[in-house]
Every structure is written in structure tokens, then in C-alpha cells.
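Here is the structure we will look at, set down as C-alpha cells.
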Amino acid sequence: MKPFHVLYEDNHLIIVNKAAGVLVHGDSTGDKTLEDFVKEYIKEKYDKPGEVFLGTVHRLDRPVSGVVIFARTSKALARMNELFKKRQIQKTYWAITQRKPEKKSGRLTHWLRKDPVANKTEAFEQEVAGSQRADLDYRYLGTINKHHLIEVSPITGRPHQIRVQLASMGTPIKGDVKYGAAKGNNDGSIFLHARRVYFIHPVKKEPVLCKAPVPENAFWEEFLELDREEYKDDTLGFIHG
């Protein structure tokens with residue numbers, strides 16, 4: 001079974017819902033990547049001879065599920081990279097935590113420094129050598145079975161940003177032992193899901209809104225009743241799902 005489902009597809013872009021546990025892009029493990037799986041899908045569907053072009057626009061950590069955007073042409077890749085650079089892509093994540101945040105909503109700002117050897121990021125309250133500023137907005141959506149659903153909108157895109165910033169707030173993500181969770185999940189996943197993405201298509205100039213269904217397990221699915229859809233764009237105003 002392929003570890004993704006297609007959410008959106010045209011000649012320029014393909015947007016998929018990634019399963020937890022799959023690498024987006026190759027690393028030292030040599031494991032098969034989401035990029036490999038999606039290339040195979042395109043090659044088979046369109047009967048393409050030779051190598052399939054697929055540009056990785058952004059990444060999700062291996063234990064995280066949800067929306068991943070790929071470009072199908074070099075032009076689309078360049079334009080999507082520009083949208084990310086200008087922060088004109090709105091991304092929304094869901095995180096389940098075992099502790100409730102003290103404030104129902106707010107903005108977190110830290111300076112993050114990644115240790116590539118340990119593959120772990122450290123958060124600081126003030127700038128330190130080798131650190132990058134990281135900002136995110138969060139809001140508490142509700143509590144079910146003594147666990148709490150937090151919606152996160154990252155403003156910057158740093159390695160492990162949401163994981164380490166929520167942990168620094170005292171609300172580590174369930175299953176994320178690397179950043180302070182009491183215990184891991186049996187399948188190595190963590191309860192962080194890239195839920196939605198919203199942007200103006202770089203070629204068609206039309207709004208693109210994709211929402212990734214949560215992973216198919218009972219624990220995740222219980223939190224669907226807390227979903228509150230709201231998307232904001234400077235030109236379009238609010239769009240309510």
C-alpha cells in the first residue's frame with residue numbers, strides 16, 4: 001500500500017497526505033522516500049518514459065503526517081519556493097498534547113539551534129551563536145480523554161520548530177520522546193499532523209486549499225469534532241469551511 005493519498009493534482013503541482021514514518025527526501029538511511037513513491041505514481045498514471053521530474057517544495061519530519069506539496073515542473077518549483085520565501089503559504093498543523101497550554105492562544109518566539117549529529121533542535125529565549133529566530137501562532141481547540149488539541153500556524157519554517165517550541169511551552173507533543181513526551185508511540189509516529197495548506201496557485205492564480213484527513217486511528221479521529229475551519233488571506237478576507 002502506498003504511504004500517501006493525493007489531495008490535489010494538476011500539470012504543475014501534486015499535493016499529498018503523507019503517512020507518518022515516511023521520509024519526504026532521502027537521507028543517510030537510504031530508505032525509500034515519499035518523493036520516490038510519488039514519482040512512481042506519476043510515471044504509472046501518465047505512462048511517462050524516462051525520469052519523472054518532481055521538486056520538493058518543503059518537508060515534514062519523518063514521524064509527522066499530513067500535507068506535503070511537490071512541484072511537477074521546474075517553473076512551478078521556482079514559483080512555489082518564492083511563495084515560501086515570501087511567507088505567502090498558510091500552513092496549519094494539529095498537535096495533541098498531554099498538558100494543556102496556560103493561555104488559550106498566543107505567539108511563541110524562540111531562537112533555535114539544530115545539532116545535526118544528534119538530529120535535535122534546542123530552543124533559546126534569546127539569540128545565541130548559530131541560532132535562527134522561530135515564530136509560530138497557536139490556539140487551544142479543546143480537550144478529549146485528558147488530551148488537548150492545539151492548532152499551530154508556523155510563521156517561520158525551522159527544523160523541528162513546532163516540536164521544540166511546544167515542548168518549550170511545557171506542552172510536548174504526545175509520542176515525541178525526543179522533545180519531552182512521557183512515552184513514544186508503538187509505530188514511532190508522533191501526534192503532529194500537517195492539517196491544511198492554503199495559497200494562491202503560482203501559475204493559475206487561483207486559491208488552493210487542501211485539508212489532509214487525520215491518520216486512520218481511533219485516537220486521532222476522536223478530535224475531529226473540535227475542527228474549526230478558518231482561513232485568512234490579505235486579498236480574499238476570511239474563507240470559512
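Each chain of the C-alpha cells is named A, B, ... in the order shown, its residues numbered from 1; ligands are numbered from 1 in display order.
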Would you give me, as JSON lines, each residue of stretch 50-169 of chain A having an atom within 6 Å of an atom of stretch 183-202 of chain A, along with its shortest atom pair and that distance in Å to one decimal, using only C-alpha atoms and sorting by chain and residue number?
```
{"residue": "A:Pro63", "atom": "CA", "partner": "A:Ser189", "partner_atom": "CA", "distance": 4.3}
{"residue": "A:Val64", "atom": "CA", "partner": "A:Leu192", "partner_atom": "CA", "distance": 5.5}
{"residue": "A:Ser65", "atom": "CA", "partner": "A:His193", "partner_atom": "CA", "distance": 4.8}
{"residue": "A:Gly66", "atom": "CA", "partner": "A:Ala194", "partner_atom": "CA", "distance": 4.2}
{"residue": "A:Val67", "atom": "CA", "partner": "A:Ala194", "partner_atom": "CA", "distance": 5.3}
{"residue": "A:Arg79", "atom": "CA", "partner": "A:Pro202", "partner_atom": "CA", "distance": 5.9}
{"residue": "A:Ile89", "atom": "CA", "partner": "A:Phe199", "partner_atom": "CA", "distance": 4.9}
{"residue": "A:Gln90", "atom": "CA", "partner": "A:Tyr198", "partner_atom": "CA", "distance": 5.1}
{"residue": "A:Lys91", "atom": "CA", "partner": "A:Val197", "partner_atom": "CA", "distance": 4.6}
{"residue": "A:Thr92", "atom": "CA", "partner": "A:Arg196", "partner_atom": "CA", "distance": 5.1}
{"residue": "A:Tyr93", "atom": "CA", "partner": "A:Ala194", "partner_atom": "CA", "distance": 4.4}
{"residue": "A:Trp94", "atom": "CA", "partner": "A:His193", "partner_atom": "CA", "distance": 5.2}
{"residue": "A:Ala95", "atom": "CA", "partner": "A:Leu192", "partner_atom": "CA", "distance": 4.5}
{"residue": "A:Ile96", "atom": "CA", "partner": "A:Phe191", "partner_atom": "CA", "distance": 5.5}
```
Just the selected residues (all heavy atoms), exported as an mmCIF file, in the first residue's frame, please.
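Listing of out.cif after writing:
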```cif
data_model
loop_
_atom_site.group_PDB
_atom_site.id
_atom_site.type_symbol
_atom_site.label_atom_id
_atom_site.label_comp_id
_atom_site.auth_asym_id
_atom_site.auth_seq_id
_atom_site.Cartn_x
_atom_site.Cartn_y
_atom_site.Cartn_z
ATOM 1 N N PRO A 63 8.361 11.338 11.532
ATOM 2 C CA PRO A 63 7.241 10.828 12.333
ATOM 3 C C PRO A 63 5.956 11.648 12.231
ATOM 4 O O PRO A 63 4.965 11.344 12.901
ATOM 5 C CB PRO A 63 7.782 10.873 13.766
ATOM 6 C CG PRO A 63 8.814 11.934 13.759
ATOM 7 C CD PRO A 63 9.398 11.956 12.376
ATOM 8 N N VAL A 64 5.955 12.679 11.383
ATOM 9 C CA VAL A 64 4.806 13.576 11.242
ATOM 10 C C VAL A 64 3.997 13.187 10.003
ATOM 11 O O VAL A 64 4.559 12.814 8.972
ATOM 12 C CB VAL A 64 5.296 15.038 11.126
ATOM 13 C CG1 VAL A 64 4.127 16.002 10.961
ATOM 14 C CG2 VAL A 64 6.136 15.417 12.351
ATOM 15 N N SER A 65 2.687 13.297 10.088
ATOM 16 C CA SER A 65 1.809 13.011 8.950
ATOM 17 C C SER A 65 1.266 14.316 8.376
ATOM 18 O O SER A 65 1.392 15.379 8.974
ATOM 19 C CB SER A 65 0.650 12.119 9.403
ATOM 20 O OG SER A 65 -0.081 12.747 10.452
ATOM 21 N N GLY A 66 0.640 14.211 7.185
ATOM 22 C CA GLY A 66 -0.090 15.355 6.658
ATOM 23 C C GLY A 66 0.367 15.877 5.314
ATOM 24 O O GLY A 66 1.030 15.179 4.546
ATOM 25 N N VAL A 67 -0.017 17.123 5.034
ATOM 26 C CA VAL A 67 0.126 17.745 3.719
ATOM 27 C C VAL A 67 1.584 17.951 3.316
ATOM 28 O O VAL A 67 2.364 18.536 4.070
ATOM 29 C CB VAL A 67 -0.576 19.120 3.687
ATOM 30 C CG1 VAL A 67 -0.404 19.775 2.316
ATOM 31 C CG2 VAL A 67 -2.049 19.001 4.020
ATOM 32 N N ARG A 79 8.539 28.966 -8.503
ATOM 33 C CA ARG A 79 7.484 29.873 -8.021
ATOM 34 C C ARG A 79 6.982 29.488 -6.626
ATOM 35 O O ARG A 79 6.679 30.361 -5.808
ATOM 36 C CB ARG A 79 6.326 29.890 -9.025
ATOM 37 C CG ARG A 79 6.707 30.568 -10.341
ATOM 38 C CD ARG A 79 5.511 30.738 -11.252
ATOM 39 N NE ARG A 79 5.889 31.387 -12.507
ATOM 40 C CZ ARG A 79 5.017 31.734 -13.455
ATOM 41 N NH1 ARG A 79 3.715 31.498 -13.279
ATOM 42 N NH2 ARG A 79 5.419 32.318 -14.564
ATOM 43 N N ILE A 89 2.334 31.258 1.957
ATOM 44 C CA ILE A 89 1.647 29.970 2.075
ATOM 45 C C ILE A 89 1.218 29.817 3.526
ATOM 46 O O ILE A 89 2.040 29.938 4.443
ATOM 47 C CB ILE A 89 2.555 28.801 1.657
ATOM 48 C CG1 ILE A 89 2.865 28.896 0.164
ATOM 49 C CG2 ILE A 89 1.907 27.460 1.983
ATOM 50 C CD1 ILE A 89 3.649 27.748 -0.392
ATOM 51 N N GLN A 90 -0.055 29.590 3.726
ATOM 52 C CA GLN A 90 -0.576 29.449 5.079
ATOM 53 C C GLN A 90 -0.668 27.959 5.416
ATOM 54 O O GLN A 90 -1.398 27.212 4.760
ATOM 55 C CB GLN A 90 -1.967 30.100 5.149
ATOM 56 C CG GLN A 90 -2.551 30.134 6.544
ATOM 57 C CD GLN A 90 -3.976 30.647 6.547
ATOM 58 O OE1 GLN A 90 -4.861 30.022 7.103
ATOM 59 N NE2 GLN A 90 -4.225 31.775 5.894
ATOM 60 N N LYS A 91 0.098 27.547 6.425
ATOM 61 C CA LYS A 91 0.090 26.142 6.848
ATOM 62 C C LYS A 91 -0.494 26.038 8.253
ATOM 63 O O LYS A 91 -0.194 26.862 9.112
ATOM 64 C CB LYS A 91 1.517 25.566 6.829
ATOM 65 C CG LYS A 91 2.112 25.458 5.435
ATOM 66 C CD LYS A 91 3.441 24.730 5.467
ATOM 67 C CE LYS A 91 4.511 25.560 6.176
ATOM 68 N NZ LYS A 91 5.801 24.853 6.243
ATOM 69 N N THR A 92 -1.301 25.023 8.451
ATOM 70 C CA THR A 92 -1.922 24.801 9.762
ATOM 71 C C THR A 92 -1.677 23.359 10.183
ATOM 72 O O THR A 92 -1.896 22.434 9.404
ATOM 73 C CB THR A 92 -3.438 25.052 9.694
ATOM 74 O OG1 THR A 92 -3.669 26.360 9.161
ATOM 75 C CG2 THR A 92 -4.056 24.966 11.075
ATOM 76 N N TYR A 93 -1.209 23.201 11.402
ATOM 77 C CA TYR A 93 -0.924 21.872 11.956
ATOM 78 C C TYR A 93 -1.841 21.609 13.143
ATOM 79 O O TYR A 93 -2.286 22.534 13.825
ATOM 80 C CB TYR A 93 0.524 21.793 12.456
ATOM 81 C CG TYR A 93 1.576 21.795 11.387
ATOM 82 C CD1 TYR A 93 1.896 22.964 10.694
ATOM 83 C CD2 TYR A 93 2.296 20.634 11.087
ATOM 84 C CE1 TYR A 93 2.888 22.974 9.719
ATOM 85 C CE2 TYR A 93 3.288 20.646 10.122
ATOM 86 C CZ TYR A 93 3.574 21.810 9.439
ATOM 87 O OH TYR A 93 4.551 21.823 8.475
ATOM 88 N N TRP A 94 -2.084 20.332 13.386
ATOM 89 C CA TRP A 94 -2.741 19.895 14.617
ATOM 90 C C TRP A 94 -1.713 19.145 15.458
ATOM 91 O O TRP A 94 -0.986 18.281 14.948
ATOM 92 C CB TRP A 94 -3.891 18.953 14.319
ATOM 93 C CG TRP A 94 -5.179 19.642 14.008
ATOM 94 C CD1 TRP A 94 -5.391 20.989 13.817
ATOM 95 C CD2 TRP A 94 -6.458 19.009 13.860
ATOM 96 N NE1 TRP A 94 -6.710 21.222 13.550
ATOM 97 C CE2 TRP A 94 -7.389 20.037 13.572
ATOM 98 C CE3 TRP A 94 -6.891 17.698 13.924
ATOM 99 C CZ2 TRP A 94 -8.746 19.765 13.362
ATOM 100 C CZ3 TRP A 94 -8.239 17.425 13.713
ATOM 101 C CH2 TRP A 94 -9.154 18.457 13.448
ATOM 102 N N ALA A 95 -1.691 19.466 16.745
ATOM 103 C CA ALA A 95 -0.829 18.758 17.688
ATOM 104 C C ALA A 95 -1.673 18.318 18.875
ATOM 105 O O ALA A 95 -2.499 19.095 19.373
ATOM 106 C CB ALA A 95 0.306 19.668 18.158
ATOM 107 N N ILE A 96 -1.471 17.089 19.311
ATOM 108 C CA ILE A 96 -2.139 16.594 20.510
ATOM 109 C C ILE A 96 -1.105 16.519 21.629
ATOM 110 O O ILE A 96 -0.024 15.952 21.449
ATOM 111 C CB ILE A 96 -2.780 15.211 20.270
ATOM 112 C CG1 ILE A 96 -3.892 15.327 19.206
ATOM 113 C CG2 ILE A 96 -3.354 14.644 21.563
ATOM 114 C CD1 ILE A 96 -4.502 14.000 18.817
#
```
inquiry  = Residues near stretch 166-182 of chain A, anyone? I mean within 12 Å using only C-alpha atoms, not counting same-chain ones fewer than 6 positions away, as JSON, numbers by chain.
reply    = {"A": [61, 62, 63, 64, 93, 94, 95, 96, 97, 98, 99, 100, 101, 102, 103, 105, 106, 107, 108, 109, 110, 111, 112, 118, 119, 120, 121, 122, 123, 124, 125, 134, 135, 136, 137, 138, 139, 140, 146, 147, 148, 149, 150, 151, 152, 153, 154, 160, 188, 189, 190, 191, 192, 193, 219, 220]}
Among the residues of stretch 16-195 of chain A, find those DSSP assigns to alpha helix (DSSP H) from the backbone and print them as a VMD selection string.
-> chain A and resid 34 to 46 74 to 85 161 to 168
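Among the candidate residues A:Lys18, A:Val6, A:Ser28, A:Val208, the one lying nearest to A:Val117 is A:Ser28, with distances computed using only C-alpha atoms.
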Which residue of A:Phe70, A:Tyr8, A:Phe223, A:Phe84 approaches A:Leu34 most closely, using only C-alpha atoms: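 Nearest candidate to A:Leu34 out of A:Phe70, A:Tyr8, A:Phe223, A:Phe84: A:Phe70.
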Just want the 9 Å neighbourhood of A:Leu226, counted on only C-alpha atoms, with same-chain residues fewer than 6 positions away dropped. Output as a compact mmCIF listing (two decimals) with all heavy atoms, in the first residue's frame.
```txt
# COMPACT_ATOMS: atom_id res chain seq x y z
N LEU A 141 -7.83 24.18 20.97
CA LEU A 141 -9.13 23.89 20.38
C LEU A 141 -10.06 23.10 21.29
O LEU A 141 -11.27 23.13 21.11
CB LEU A 141 -8.95 23.12 19.05
CG LEU A 141 -8.24 23.85 17.92
CD1 LEU A 141 -8.24 23.00 16.65
CD2 LEU A 141 -8.86 25.21 17.64
N GLY A 142 -9.49 22.36 22.25
CA GLY A 142 -10.36 21.59 23.15
C GLY A 142 -9.67 20.39 23.74
O GLY A 142 -8.52 20.07 23.40
N THR A 143 -10.38 19.71 24.64
CA THR A 143 -9.83 18.56 25.36
C THR A 143 -10.75 17.35 25.18
O THR A 143 -11.98 17.47 25.30
CB THR A 143 -9.69 18.89 26.86
OG1 THR A 143 -8.77 19.97 27.01
CG2 THR A 143 -9.20 17.68 27.65
N LEU A 149 -6.02 19.33 22.07
CA LEU A 149 -5.76 19.60 20.66
C LEU A 149 -5.34 21.06 20.50
O LEU A 149 -6.08 21.97 20.90
CB LEU A 149 -6.99 19.31 19.80
CG LEU A 149 -6.82 19.51 18.29
CD1 LEU A 149 -5.76 18.56 17.72
CD2 LEU A 149 -8.15 19.31 17.57
```
Mind checking DSSP for chain A and telling me the strand (DSSP E or B) residues as a JSON list (two decimals) with C-alpha atoms, in the first residue's frame?
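Saved as selection.json:
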```json
[["chain", "number", "residue", "atom", "x", "y", "z"],
["A", 4, "PHE", "CA", 0.20, 8.70, 0.74],
["A", 5, "HIS", "CA", -3.09, 9.86, -0.74],
["A", 6, "VAL", "CA", -3.38, 12.53, -3.43],
["A", 7, "LEU", "CA", -5.24, 15.65, -2.26],
["A", 8, "TYR", "CA", -4.69, 17.87, -5.32],
["A", 9, "GLU", "CA", -3.12, 17.31, -8.71],
["A", 13, "LEU", "CA", 1.67, 20.62, -8.62],
["A", 14, "ILE", "CA", 0.82, 17.47, -6.72],
["A", 15, "ILE", "CA", -0.21, 17.73, -3.07],
["A", 16, "VAL", "CA", -0.41, 14.59, -0.96],
["A", 17, "ASN", "CA", -1.30, 13.43, 2.53],
["A", 18, "LYS", "CA", 1.80, 11.66, 3.88],
["A", 23, "LEU", "CA", 10.88, 10.21, 4.77],
["A", 33, "THR", "CA", 11.15, 8.23, 0.26],
["A", 55, "GLY", "CA", 10.58, 19.11, -6.99],
["A", 56, "THR", "CA", 10.43, 19.00, -3.20],
["A", 65, "SER", "CA", 1.81, 13.01, 8.95],
["A", 66, "GLY", "CA", -0.09, 15.36, 6.66],
["A", 67, "VAL", "CA", 0.13, 17.75, 3.72],
["A", 68, "VAL", "CA", 3.22, 17.77, 1.50],
["A", 69, "ILE", "CA", 3.48, 19.86, -1.68],
["A", 70, "PHE", "CA", 5.57, 18.78, -4.68],
["A", 71, "ALA", "CA", 6.18, 20.66, -7.93],
["A", 90, "GLN", "CA", -0.58, 29.45, 5.08],
["A", 91, "LYS", "CA", 0.09, 26.14, 6.85],
["A", 92, "THR", "CA", -1.92, 24.80, 9.76],
["A", 93, "TYR", "CA", -0.92, 21.87, 11.96],
["A", 94, "TRP", "CA", -2.74, 19.90, 14.62],
["A", 95, "ALA", "CA", -0.83, 18.76, 17.69],
["A", 96, "ILE", "CA", -2.14, 16.59, 20.51],
["A", 97, "THR", "CA", -0.52, 17.18, 23.89],
["A", 105, "SER", "CA", -3.79, 31.27, 22.26],
["A", 106, "GLY", "CA", -0.62, 33.22, 21.63],
["A", 107, "ARG", "CA", 2.58, 33.63, 19.69],
["A", 108, "LEU", "CA", 5.78, 31.78, 20.56],
["A", 109, "THR", "CA", 9.16, 33.25, 19.65],
["A", 110, "HIS", "CA", 12.41, 31.37, 20.22],
["A", 111, "TRP", "CA", 15.86, 31.18, 18.73],
["A", 112, "LEU", "CA", 16.52, 27.64, 17.55],
["A", 113, "ARG", "CA", 19.83, 25.90, 17.02],
["A", 114, "LYS", "CA", 19.97, 22.44, 15.49],
["A", 115, "ASP", "CA", 22.54, 19.81, 16.38],
["A", 120, "LYS", "CA", 17.79, 17.57, 17.67],
["A", 121, "THR", "CA", 16.95, 21.27, 17.96],
["A", 122, "GLU", "CA", 17.45, 23.40, 21.06],
["A", 123, "ALA", "CA", 15.31, 26.46, 21.83],
["A", 124, "PHE", "CA", 16.59, 29.64, 23.48],
["A", 132, "GLN", "CA", 17.68, 31.26, 13.91],
["A", 133, "ARG", "CA", 14.56, 33.08, 15.02],
["A", 134, "ALA", "CA", 11.38, 30.97, 15.00],
["A", 135, "ASP", "CA", 7.82, 32.22, 15.37],
["A", 136, "LEU", "CA", 4.50, 30.41, 15.49],
["A", 137, "ASP", "CA", 0.92, 31.17, 16.49],
["A", 138, "TYR", "CA", -1.11, 28.62, 18.40],
["A", 139, "ARG", "CA", -4.61, 28.21, 19.78],
["A", 140, "TYR", "CA", -6.14, 25.61, 22.04],
["A", 141, "LEU", "CA", -9.13, 23.89, 20.38],
["A", 142, "GLY", "CA", -10.36, 21.59, 23.15],
["A", 143, "THR", "CA", -9.83, 18.56, 25.36],
["A", 144, "ILE", "CA", -10.86, 14.93, 24.79],
["A", 147, "HIS", "CA", -5.53, 15.12, 25.92],
["A", 148, "HIS", "CA", -5.53, 18.55, 24.30],
["A", 149, "LEU", "CA", -5.76, 19.60, 20.66],
["A", 150, "ILE", "CA", -3.64, 22.61, 19.69],
["A", 151, "GLU", "CA", -3.81, 24.27, 16.28],
["A", 152, "VAL", "CA", -0.45, 25.65, 15.18],
["A", 153, "SER", "CA", 0.31, 28.14, 12.41],
["A", 154, "PRO", "CA", 4.08, 28.42, 11.90],
["A", 173, "ILE", "CA", 3.54, 16.53, 21.61],
["A", 175, "GLY", "CA", 4.62, 10.39, 21.45],
["A", 184, "GLY", "CA", 6.60, 7.02, 22.48],
["A", 192, "LEU", "CA", 1.60, 16.12, 14.93],
["A", 193, "HIS", "CA", -0.30, 16.41, 11.64],
["A", 194, "ALA", "CA", 0.03, 18.96, 8.83],
["A", 195, "ARG", "CA", -3.72, 19.54, 8.59],
["A", 196, "ARG", "CA", -4.22, 22.29, 6.00],
["A", 197, "VAL", "CA", -2.42, 24.38, 3.41],
["A", 198, "TYR", "CA", -3.71, 27.47, 1.65],
["A", 199, "PHE", "CA", -2.07, 29.58, -1.06],
["A", 200, "ILE", "CA", -2.63, 31.22, -4.43],
["A", 207, "PRO", "CA", -6.81, 29.84, -4.42],
["A", 208, "VAL", "CA", -5.72, 26.33, -3.45],
["A", 209, "LEU", "CA", -6.99, 24.95, -0.16],
["A", 210, "CYS", "CA", -6.13, 21.38, 0.85],
["A", 211, "LYS", "CA", -7.09, 19.64, 4.06],
["A", 231, "TYR", "CA", -8.53, 30.69, 6.64],
["A", 232, "LYS", "CA", -7.33, 34.23, 6.20],
["A", 233, "ASP", "CA", -5.83, 35.89, 3.18],
["A", 237, "GLY", "CA", -10.54, 38.03, 3.55],
["A", 238, "PHE", "CA", -11.87, 35.08, 5.56],
["A", 239, "ILE", "CA", -12.96, 31.84, 3.96]]
```
